[in-house]
Amino acid sequence: MAELKLPEWVLDSIGAYTTGELTTAAKSGYPSTFPVAVAFDRATGQLVTTTSAGFPAKVSNIRRNSRVGLFLGYEVSSADRGAGAVHIQGQAAIEDDSFEMNLMSLARYPSLTEIQPGLKRRMRNPLWRKLYQGYMTRIIITIRPERVLAWRDPKCRDEPEVFNCQ
Amino acid sequence: MPIIRDPSRPESCAGPIKRRARRILRNVDRVVLTGTSSDGNFVTIPVEVEAAGAGLVAVRLPNDSFPVDSIKVCLCAHQHGNGYESFKQVVIYGDAEIRGREVRIRPGNVLVSTRPPGILGDFKSGSESSRRSKTNLAKWGREPVSMDLLDRAFGTK
């Protein structure tokens, strides 16, 4: 895996957002879009998100059809401001061989684990840890971009610039 | 822009949007529409909700470029408070008719989920996720992440 060959402003835009809208192909044939917390691993050119073992619909969809879309342009935190909007078309892969390894590897992506401000504090309490055992049993989804549509305007009022990543 | 029609559209997908979902749809700060282009790739774009009725949602595209090739679309409306501390979201699967920048969606399935802020939201997420995880993991013959690892990762050991 290598860094994506994209203009700097596009890479900056991809890295600027902590929340995206992930689309997978539902069994019914409809696209299925849900907001997700996302991290951009610039060194490998991959985007990473997770889902709980309790809500595996995205995982089932990706196992059937690995083609996904990820839109980045929603400003949740102040850190998100100032970027353009990006729509990524690519292939997703599922990592669920070891939930323990998944939890440990998530330490590399603080934006995924620290996105709920109160949660880390509550997890110091053993009762909350017991309650969150299922929630913390995470399945990792990695996305390899193939094509990127980028807007300098985060509201997408202009036409997108299109970039192939392969 | 031509009106997109799909003869394979299932008739059984039509269904009303309940009042609670319509209220969320009108009030959230983020709504995106996703379709599928002729090469099979997904195309998502932020939209503005112009009208949200029980049997029809009208949204407006921000530009003239929404190259979808199927009437099957997904409308995702959501708002997050303070990261993911709280959220409300509505996801509508429906059939679209596109005229220029105007898109009319006849809803099929509608999913609504909310999470209140603070300790109540954390409790709701934790208990619901644990219950569902336990069921799925048992089905898959898998074990959840160990308490020992959670203690080491988050506790004071």
# chains A, B, ... in the order shown; residues from 1 in each chain; ligands from 1
call {"tool": "interface_residues", "arguments": {"of": "chain B", "to": "chain A", "cutoff": "6 Å", "atoms": "only C-alpha atoms", "output": "ChimeraX atom specification"}}
result
/B:42,62-63,72,74,83-85,126,129-130,132-133,144-145,154-155
call {"tool": "write_last_selection", "arguments": {"atoms": "N, CA, C and O atoms", "output": "PDB file, in the first residue's frame"}}
result
ATOM      1  N   PHE B  42     -21.064   4.186  -6.715  1.00  0.00           N
ATOM      2  CA  PHE B  42     -22.015   5.026  -5.988  1.00  0.00           C
ATOM      3  C   PHE B  42     -21.639   6.492  -6.166  1.00  0.00           C
ATOM      4  O   PHE B  42     -20.463   6.841  -6.258  1.00  0.00           O
ATOM      5  N   PRO B  62     -27.197  20.370  -5.434  1.00  0.00           N
ATOM      6  CA  PRO B  62     -26.441  21.632  -5.429  1.00  0.00           C
ATOM      7  C   PRO B  62     -25.881  22.016  -6.799  1.00  0.00           C
ATOM      8  O   PRO B  62     -25.491  23.152  -7.016  1.00  0.00           O
ATOM      9  N   ASN B  63     -25.797  21.065  -7.710  1.00  0.00           N
ATOM     10  CA  ASN B  63     -25.302  21.374  -9.066  1.00  0.00           C
ATOM     11  C   ASN B  63     -25.989  20.443 -10.070  1.00  0.00           C
ATOM     12  O   ASN B  63     -26.840  19.636  -9.689  1.00  0.00           O
ATOM     13  N   LYS B  72     -33.089   3.699  -8.008  1.00  0.00           N
ATOM     14  CA  LYS B  72     -32.940   3.297  -6.604  1.00  0.00           C
ATOM     15  C   LYS B  72     -31.954   4.221  -5.901  1.00  0.00           C
ATOM     16  O   LYS B  72     -30.775   4.263  -6.272  1.00  0.00           O
ATOM     17  N   CYS B  74     -30.780   6.319  -1.989  1.00  0.00           N
ATOM     18  CA  CYS B  74     -30.811   6.310  -0.526  1.00  0.00           C
ATOM     19  C   CYS B  74     -30.604   7.744  -0.050  1.00  0.00           C
ATOM     20  O   CYS B  74     -29.651   8.403  -0.476  1.00  0.00           O
ATOM     21  N   GLY B  83     -19.172  15.688  18.377  1.00  0.00           N
ATOM     22  CA  GLY B  83     -18.655  14.397  17.934  1.00  0.00           C
ATOM     23  C   GLY B  83     -19.822  13.445  17.772  1.00  0.00           C
ATOM     24  O   GLY B  83     -20.839  13.789  17.198  1.00  0.00           O
ATOM     25  N   TYR B  84     -19.695  12.263  18.351  1.00  0.00           N
ATOM     26  CA  TYR B  84     -20.789  11.292  18.282  1.00  0.00           C
ATOM     27  C   TYR B  84     -21.529  11.198  19.602  1.00  0.00           C
ATOM     28  O   TYR B  84     -22.217  10.236  19.851  1.00  0.00           O
ATOM     29  N   GLU B  85     -21.383  12.201  20.460  1.00  0.00           N
ATOM     30  CA  GLU B  85     -22.017  12.097  21.770  1.00  0.00           C
ATOM     31  C   GLU B  85     -23.534  11.926  21.625  1.00  0.00           C
ATOM     32  O   GLU B  85     -24.163  11.196  22.368  1.00  0.00           O
ATOM     33  N   GLY B 126     -24.494   1.465  24.655  1.00  0.00           N
ATOM     34  CA  GLY B 126     -23.781   0.319  25.220  1.00  0.00           C
ATOM     35  C   GLY B 126     -24.676  -0.886  25.385  1.00  0.00           C
ATOM     36  O   GLY B 126     -24.324  -2.002  24.976  1.00  0.00           O
ATOM     37  N   SER B 129     -25.975  -2.205  21.880  1.00  0.00           N
ATOM     38  CA  SER B 129     -24.905  -2.824  21.107  1.00  0.00           C
ATOM     39  C   SER B 129     -24.485  -4.155  21.728  1.00  0.00           C
ATOM     40  O   SER B 129     -24.232  -5.132  21.027  1.00  0.00           O
ATOM     41  N   SER B 130     -24.417  -4.191  23.074  1.00  0.00           N
ATOM     42  CA  SER B 130     -24.002  -5.431  23.744  1.00  0.00           C
ATOM     43  C   SER B 130     -25.014  -6.543  23.513  1.00  0.00           C
ATOM     44  O   SER B 130     -24.652  -7.687  23.245  1.00  0.00           O
ATOM     45  N   ARG B 132     -27.145  -6.871  21.025  1.00  0.00           N
ATOM     46  CA  ARG B 132     -27.086  -7.328  19.627  1.00  0.00           C
ATOM     47  C   ARG B 132     -25.788  -8.092  19.345  1.00  0.00           C
ATOM     48  O   ARG B 132     -25.785  -9.084  18.617  1.00  0.00           O
ATOM     49  N   SER B 133     -24.671  -7.593  19.915  1.00  0.00           N
ATOM     50  CA  SER B 133     -23.385  -8.268  19.698  1.00  0.00           C
ATOM     51  C   SER B 133     -23.415  -9.681  20.243  1.00  0.00           C
ATOM     52  O   SER B 133     -22.950 -10.626  19.599  1.00  0.00           O
ATOM     53  N   PRO B 144     -16.582 -12.303  22.354  1.00  0.00           N
ATOM     54  CA  PRO B 144     -16.314 -10.857  22.321  1.00  0.00           C
ATOM     55  C   PRO B 144     -14.893 -10.573  22.778  1.00  0.00           C
ATOM     56  O   PRO B 144     -14.197 -11.465  23.285  1.00  0.00           O
ATOM     57  N   VAL B 145     -14.470  -9.342  22.579  1.00  0.00           N
ATOM     58  CA  VAL B 145     -13.158  -8.928  23.062  1.00  0.00           C
ATOM     59  C   VAL B 145     -13.118  -9.154  24.583  1.00  0.00           C
ATOM     60  O   VAL B 145     -14.119  -8.976  25.270  1.00  0.00           O
ATOM     61  N   PHE B 154      -8.481   0.430  28.950  1.00  0.00           N
ATOM     62  CA  PHE B 154      -9.231   1.587  29.466  1.00  0.00           C
ATOM     63  C   PHE B 154      -9.180   1.735  30.985  1.00  0.00           C
ATOM     64  O   PHE B 154      -9.513   2.789  31.506  1.00  0.00           O
ATOM     65  N   GLY B 155      -8.821   0.661  31.684  1.00  0.00           N
ATOM     66  CA  GLY B 155      -8.858   0.704  33.137  1.00  0.00           C
ATOM     67  C   GLY B 155      -7.610   1.324  33.720  1.00  0.00           C
ATOM     68  O   GLY B 155      -6.780   1.899  33.017  1.00  0.00           O
TER      69      GLY B 155
END
call {"tool": "select_by_dssp", "arguments": {"residues": "stretch 30-162 of chain A", "states": "strand (DSSP E)", "output": "PyMOL selection string"}}
result
chain A and resi 31-37+39-41+46-52+67-72+85-95+138-151+161-162
call {"tool": "residues_around", "arguments": {"residues": "A:Phe163", "least_positions_apart": "4", "cutoff": "9 Å", "atoms": "only C-alpha atoms", "output": "ChimeraX atom specification"}}
result
/A:5-6,146-150
call {"tool": "residues_around", "arguments": {"residues": "stretch 67-70 of chain B", "least_positions_apart": "6", "cutoff": "6 Å", "atoms": "only C-alpha atoms", "output": "list in words"}}
result
Gly35, Thr36, Ser37 and Ser38 of chain B
call {"tool": "atom_distance", "arguments": {"atom1": "atom CA of B:Ile17", "atom2": "atom CA of B:Pro117"}}
result
24.9 Å
call {"tool": "closest_residue", "arguments": {"among": "A:Phe40, A:Thr51, A:Arg152, A:Asp96", "to": "B:Trp140", "atoms": "only C-alpha atoms"}}
result
A:Asp96
call {"tool": "atom_distance", "arguments": {"atom1": "atom CA of A:Trp9", "atom2": "atom CA of B:Glu48"}}
result
25.9 Å
call {"tool": "atom_distance", "arguments": {"atom1": "atom CA of A:Glu8", "atom2": "atom CA of A:Cys165"}}
result
13.4 Å
call {"tool": "residues_around", "arguments": {"residues": "B:Gly55", "least_positions_apart": "4", "cutoff": "12 Å", "atoms": "only C-alpha atoms", "output": "tab-separated table (two decimals) with N, CA, C and O atoms, in the first residue's frame"}}
result
chain	number	residue	atom	x	y	z
B	13	CYS	N	-42.27	-1.59	-2.42
B	13	CYS	CA	-41.37	-0.82	-1.57
B	13	CYS	C	-42.00	0.48	-1.06
B	13	CYS	O	-41.45	1.11	-0.17
B	14	ALA	N	-43.15	0.89	-1.63
B	14	ALA	CA	-43.71	2.18	-1.22
B	14	ALA	C	-44.21	2.12	0.22
B	14	ALA	O	-44.82	1.15	0.65
B	15	GLY	N	-43.91	3.16	0.99
B	15	GLY	CA	-44.36	3.19	2.39
B	15	GLY	C	-44.28	4.59	2.93
B	15	GLY	O	-43.43	5.36	2.50
B	16	PRO	N	-45.16	4.96	3.88
B	16	PRO	CA	-45.17	6.33	4.37
B	16	PRO	C	-44.02	6.63	5.33
B	16	PRO	O	-43.51	5.74	6.00
B	17	ILE	N	-43.64	7.90	5.39
B	17	ILE	CA	-42.64	8.35	6.35
B	17	ILE	C	-43.39	8.89	7.56
B	17	ILE	O	-44.21	9.80	7.43
B	18	LYS	N	-43.11	8.34	8.73
B	18	LYS	CA	-43.85	8.76	9.92
B	18	LYS	C	-43.43	10.17	10.35
B	18	LYS	O	-42.37	10.66	9.96
B	19	ARG	N	-44.30	10.77	11.19
B	19	ARG	CA	-44.11	12.17	11.57
B	19	ARG	C	-42.74	12.43	12.21
B	19	ARG	O	-42.09	13.41	11.92
B	22	ARG	N	-40.11	12.59	9.62
B	22	ARG	CA	-40.25	13.81	8.81
B	22	ARG	C	-39.69	15.01	9.56
B	22	ARG	O	-39.05	15.88	8.99
B	51	ALA	N	-39.25	19.60	0.63
B	51	ALA	CA	-40.53	19.18	1.20
B	51	ALA	C	-40.40	17.74	1.68
B	51	ALA	O	-39.74	16.93	1.04
B	92	ILE	N	-33.61	6.78	4.25
B	92	ILE	CA	-34.78	6.43	3.42
B	92	ILE	C	-34.30	5.75	2.14
B	92	ILE	O	-33.49	6.31	1.40
B	94	GLY	N	-35.57	4.64	-1.42
B	94	GLY	CA	-36.73	4.96	-2.23
B	94	GLY	C	-36.41	5.04	-3.71
B	94	GLY	O	-35.27	4.82	-4.14
B	95	ASP	N	-37.44	5.35	-4.47
B	95	ASP	CA	-37.30	5.46	-5.93
B	95	ASP	C	-37.38	6.93	-6.31
B	95	ASP	O	-38.29	7.64	-5.87
B	104	ARG	N	-37.45	13.96	-6.70
B	104	ARG	CA	-38.60	13.52	-5.89
B	104	ARG	C	-38.40	12.06	-5.56
B	104	ARG	O	-38.13	11.26	-6.45
B	105	ILE	N	-38.53	11.74	-4.29
B	105	ILE	CA	-38.27	10.38	-3.83
B	105	ILE	C	-39.54	9.80	-3.23
B	105	ILE	O	-40.12	10.38	-2.30
B	106	ARG	N	-39.95	8.65	-3.75
B	106	ARG	CA	-41.06	7.92	-3.14
B	106	ARG	C	-40.46	6.91	-2.18
B	106	ARG	O	-39.70	6.03	-2.59
B	107	PRO	N	-40.74	7.03	-0.90
B	107	PRO	CA	-40.04	6.21	0.09
B	107	PRO	C	-40.45	4.75	0.09
B	107	PRO	O	-41.63	4.43	-0.09
B	108	GLY	N	-39.44	3.89	0.29
B	108	GLY	CA	-39.69	2.47	0.55
B	108	GLY	C	-39.47	2.25	2.04
B	108	GLY	O	-40.26	2.69	2.86
B	109	ASN	N	-38.34	1.67	2.39
B	109	ASN	CA	-38.02	1.48	3.81
B	109	ASN	C	-37.48	2.77	4.42
B	109	ASN	O	-36.75	3.51	3.76
B	110	VAL	N	-37.86	3.01	5.67
B	110	VAL	CA	-37.38	4.19	6.40
B	110	VAL	C	-36.82	3.72	7.73
B	110	VAL	O	-37.49	3.01	8.48
call {"tool": "decode", "arguments": {"residues": "stretch 82-142 of chain A", "atoms": "C-alpha atoms", "output": "JSON list (two decimals), in the first residue's frame"}}
result
[["chain", "number", "residue", "atom", "x", "y", "z"],
["A", 82, "GLY", "CA", -11.79, 24.72, 5.97],
["A", 83, "ALA", "CA", -11.69, 21.67, 3.68],
["A", 84, "GLY", "CA", -13.40, 20.93, 0.39],
["A", 85, "ALA", "CA", -15.69, 17.96, -0.14],
["A", 86, "VAL", "CA", -14.58, 14.58, -1.43],
["A", 87, "HIS", "CA", -16.45, 11.54, -2.70],
["A", 88, "ILE", "CA", -14.37, 8.38, -2.74],
["A", 89, "GLN", "CA", -15.27, 5.38, -4.86],
["A", 90, "GLY", "CA", -13.33, 2.27, -3.98],
["A", 91, "GLN", "CA", -13.10, -1.26, -2.65],
["A", 92, "ALA", "CA", -13.60, -2.22, 0.96],
["A", 93, "ALA", "CA", -12.11, -5.08, 2.94],
["A", 94, "ILE", "CA", -13.24, -6.56, 6.25],
["A", 95, "GLU", "CA", -10.92, -7.37, 9.16],
["A", 96, "ASP", "CA", -12.59, -9.61, 11.74],
["A", 97, "ASP", "CA", -10.10, -12.44, 12.28],
["A", 98, "SER", "CA", -9.23, -11.22, 15.78],
["A", 99, "PHE", "CA", -11.40, -8.73, 17.67],
["A", 100, "GLU", "CA", -8.57, -8.33, 20.20],
["A", 101, "MET", "CA", -6.11, -7.33, 17.45],
["A", 102, "ASN", "CA", -8.74, -4.97, 16.03],
["A", 103, "LEU", "CA", -9.17, -3.21, 19.37],
["A", 104, "MET", "CA", -5.40, -2.85, 19.76],
["A", 105, "SER", "CA", -4.87, -1.58, 16.22],
["A", 106, "LEU", "CA", -7.54, 1.09, 16.71],
["A", 107, "ALA", "CA", -5.13, 2.86, 19.05],
["A", 108, "ARG", "CA", -3.46, 4.10, 15.85],
["A", 109, "TYR", "CA", -6.60, 6.02, 14.93],
["A", 110, "PRO", "CA", -7.57, 8.25, 17.84],
["A", 111, "SER", "CA", -10.29, 9.95, 15.78],
["A", 112, "LEU", "CA", -12.20, 6.64, 15.80],
["A", 113, "THR", "CA", -11.91, 5.88, 19.49],
["A", 114, "GLU", "CA", -12.14, 9.36, 20.97],
["A", 115, "ILE", "CA", -15.04, 10.67, 18.93],
["A", 116, "GLN", "CA", -17.50, 10.24, 21.83],
["A", 117, "PRO", "CA", -16.11, 12.66, 24.39],
["A", 118, "GLY", "CA", -17.66, 11.10, 27.51],
["A", 119, "LEU", "CA", -17.02, 7.49, 26.61],
["A", 120, "LYS", "CA", -13.30, 7.31, 27.40],
["A", 121, "ARG", "CA", -13.93, 8.78, 30.85],
["A", 122, "ARG", "CA", -16.77, 6.36, 31.56],
["A", 123, "MET", "CA", -14.70, 3.37, 30.38],
["A", 124, "ARG", "CA", -12.45, 3.83, 33.43],
["A", 125, "ASN", "CA", -15.35, 2.41, 35.42],
["A", 126, "PRO", "CA", -15.40, -1.46, 35.31],
["A", 127, "LEU", "CA", -19.22, -1.55, 35.13],
["A", 128, "TRP", "CA", -19.19, 0.59, 32.00],
["A", 129, "ARG", "CA", -16.45, -1.59, 30.53],
["A", 130, "LYS", "CA", -18.65, -4.65, 31.07],
["A", 131, "LEU", "CA", -21.60, -2.82, 29.48],
["A", 132, "TYR", "CA", -19.46, -1.83, 26.48],
["A", 133, "GLN", "CA", -17.84, -5.25, 25.91],
["A", 134, "GLY", "CA", -20.10, -5.85, 22.90],
["A", 135, "TYR", "CA", -19.72, -2.33, 21.57],
["A", 136, "MET", "CA", -15.92, -2.63, 21.74],
["A", 137, "THR", "CA", -15.98, -5.88, 19.78],
["A", 138, "ARG", "CA", -15.29, -4.01, 16.57],
["A", 139, "ILE", "CA", -15.04, -5.13, 12.96],
["A", 140, "ILE", "CA", -12.61, -2.98, 10.97],
["A", 141, "ILE", "CA", -13.48, -1.85, 7.44],
["A", 142, "THR", "CA", -10.63, -0.56, 5.27]]
